[in-house]
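Visitor: Before I ask anything, here is the structure I am working with.
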Amino acid sequence: MSAKALIVIDMLNSYEHEDAEKLLRSARKALPNITRLIEQARAHGAEVIYVNDNFGLWRSHHDELLDVVLRGPHADLVEPIRPDEDSLFVVKARHSIFFETPLEYLLRQRGIDTIVLCGQVTEQCVLYSALDAHIRHLKVVVAEDACAHIHSDLATAALQMMERNMQARIVDSAEEIF
């Protein structure tokens, strides 16, 4: 049996960027499924790790980032999935959750060999993170309905690439993953 962690990608978001309107529609649809995955992971004692862009706020920490988005117009997308006191948090600056972050070290220290990805954006950060996990010899599970996208056609293609090229297991959040 492998040790698993749920990785919540970029869901602490103010949605103040180009393509935000398209992403918001998809994020609202994915939110209940992300919430379900977080609850499932916590119930099974799996690590829940938030890996989030810092919006260029290099002097801030995760509580400050959370405060910023909870004061914003889309706090309703953050409140249901806010990190609890046991959640881990990694700041990233680029698309991949691994690029110049301590995530790989953290996973190895905790004996985690399987990551379950959810969050946003399927055709960007989720895709690049799945690739980087694959080249690090980690098993990858992607909860398709718990990922938000900007372009549905690119998201579909990204999921196919993850499954075929990276041997990612594509699942529905209602499945027993943990």
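By convention here, the chains of the structure tokens are called A, B, ... in the order presented, each chain's residues are numbered starting at 1, and ligands are numbered starting at 1 in the order presented.
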Write out as a ChimeraX atom specification which residues come within 12 Å of A:Asp19 when counting only C-alpha atoms, dropping same-chain ones fewer than 6 positions away.
Guide: /A:25-26,121,149-151
Visitor: Please provide the set of residues having any atom within 10 Å of A:Ala133, restricted to only C-alpha atoms, with same-chain residues fewer than 5 positions apart removed, written as a list of chain:residue names.
Guide: A:Ser96, A:Ile97, A:Phe98, A:Glu104, A:Asp113, A:Thr114, A:Ile115, A:Leu127, A:Tyr128, A:Leu138, A:Lys139, A:Val140, A:Met166, A:Ala168
Visitor: Would you mind exporting the chosen residues as an mmCIF file, in the first residue's frame, restricted to N, CA and C atoms?
Guide:
```cif
data_model
loop_
_atom_site.group_PDB
_atom_site.id
_atom_site.type_symbol
_atom_site.label_atom_id
_atom_site.label_comp_id
_atom_site.auth_asym_id
_atom_site.auth_seq_id
_atom_site.Cartn_x
_atom_site.Cartn_y
_atom_site.Cartn_z
ATOM 1 N N SER A 96 4.424 24.615 -12.414
ATOM 2 C CA SER A 96 4.571 23.316 -11.757
ATOM 3 C C SER A 96 4.675 23.462 -10.244
ATOM 4 N N ILE A 97 4.042 22.542 -9.551
ATOM 5 C CA ILE A 97 4.120 22.527 -8.087
ATOM 6 C C ILE A 97 5.510 22.145 -7.595
ATOM 7 N N PHE A 98 6.337 21.625 -8.496
ATOM 8 C CA PHE A 98 7.684 21.194 -8.131
ATOM 9 C C PHE A 98 8.758 22.215 -8.463
ATOM 10 N N GLU A 104 9.070 18.240 -3.418
ATOM 11 C CA GLU A 104 9.635 16.900 -3.580
ATOM 12 C C GLU A 104 10.287 16.430 -2.273
ATOM 13 N N ASP A 113 4.434 8.405 -2.031
ATOM 14 C CA ASP A 113 4.811 8.031 -3.395
ATOM 15 C C ASP A 113 3.679 8.197 -4.399
ATOM 16 N N THR A 114 2.514 8.621 -3.921
ATOM 17 C CA THR A 114 1.364 8.835 -4.794
ATOM 18 C C THR A 114 0.740 10.178 -4.456
ATOM 19 N N ILE A 115 0.548 10.996 -5.493
ATOM 20 C CA ILE A 115 -0.117 12.276 -5.273
ATOM 21 C C ILE A 115 -1.427 12.315 -6.040
ATOM 22 N N LEU A 127 -1.427 19.969 -15.456
ATOM 23 C CA LEU A 127 -0.674 19.232 -16.474
ATOM 24 C C LEU A 127 0.828 19.269 -16.195
ATOM 25 N N TYR A 128 1.375 20.445 -15.979
ATOM 26 C CA TYR A 128 2.825 20.572 -15.759
ATOM 27 C C TYR A 128 3.253 19.872 -14.470
ATOM 28 N N LEU A 138 6.886 9.508 -9.193
ATOM 29 C CA LEU A 138 5.736 9.487 -8.298
ATOM 30 C C LEU A 138 4.524 8.990 -9.074
ATOM 31 N N LYS A 139 3.641 8.285 -8.390
ATOM 32 C CA LYS A 139 2.377 7.889 -9.011
ATOM 33 C C LYS A 139 1.450 9.097 -8.953
ATOM 34 N N VAL A 140 0.702 9.282 -10.033
ATOM 35 C CA VAL A 140 -0.159 10.452 -10.149
ATOM 36 C C VAL A 140 -1.603 10.018 -10.369
ATOM 37 N N MET A 166 1.926 9.961 -19.135
ATOM 38 C CA MET A 166 2.474 10.024 -17.777
ATOM 39 C C MET A 166 1.916 8.929 -16.876
ATOM 40 N N ALA A 168 -0.845 8.640 -15.609
ATOM 41 C CA ALA A 168 -1.697 9.154 -14.542
ATOM 42 C C ALA A 168 -3.018 8.400 -14.550
#
```
Visitor: Quick one: pull the distance between atom CA of A:Phe178 and atom CA of A:Cys125, Å, one decimal.
Guide: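 These two atoms are separated by 22.5 Å.
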Visitor: Let me make sure I understand: among A:Val91, A:Leu66, A:Ala148, A:Cys118, which one has the smallest atom-to-atom distance to A:Arg28 if we use only C-alpha atoms?
Guide: A:Ala148
Visitor: With distances taken over only C-alpha atoms, which residue among A:Arg82, A:Ile34, A:Arg71, A:Asp132 lies nearest A:Asp145?
Guide: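 The answer is A:Ile34, which sits nearest to A:Asp145.
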Visitor: Do a neighbour search on A:Val141 at 9 Å with only C-alpha atoms, toss out local chain neighbours closer than 5 positions, and write the hits as an MDAnalysis selection string.
Guide: chainID A and resid 114:117 130 167:171 177
Visitor: Report, in Å with one decimal, the straight-line distance from atom CA of A:Ser87 to atom CA of A:Arg136.
Guide: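 The value is 22.9 Å.
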Visitor: So which bits of stretch 8-172 of chain A end up helix (DSSP H, G or I) when you DSSP the backbone, as a ChimeraX atom specification?
Guide: /A:20-43,62-70,75-77,79-81,103-109,122-135,152-166
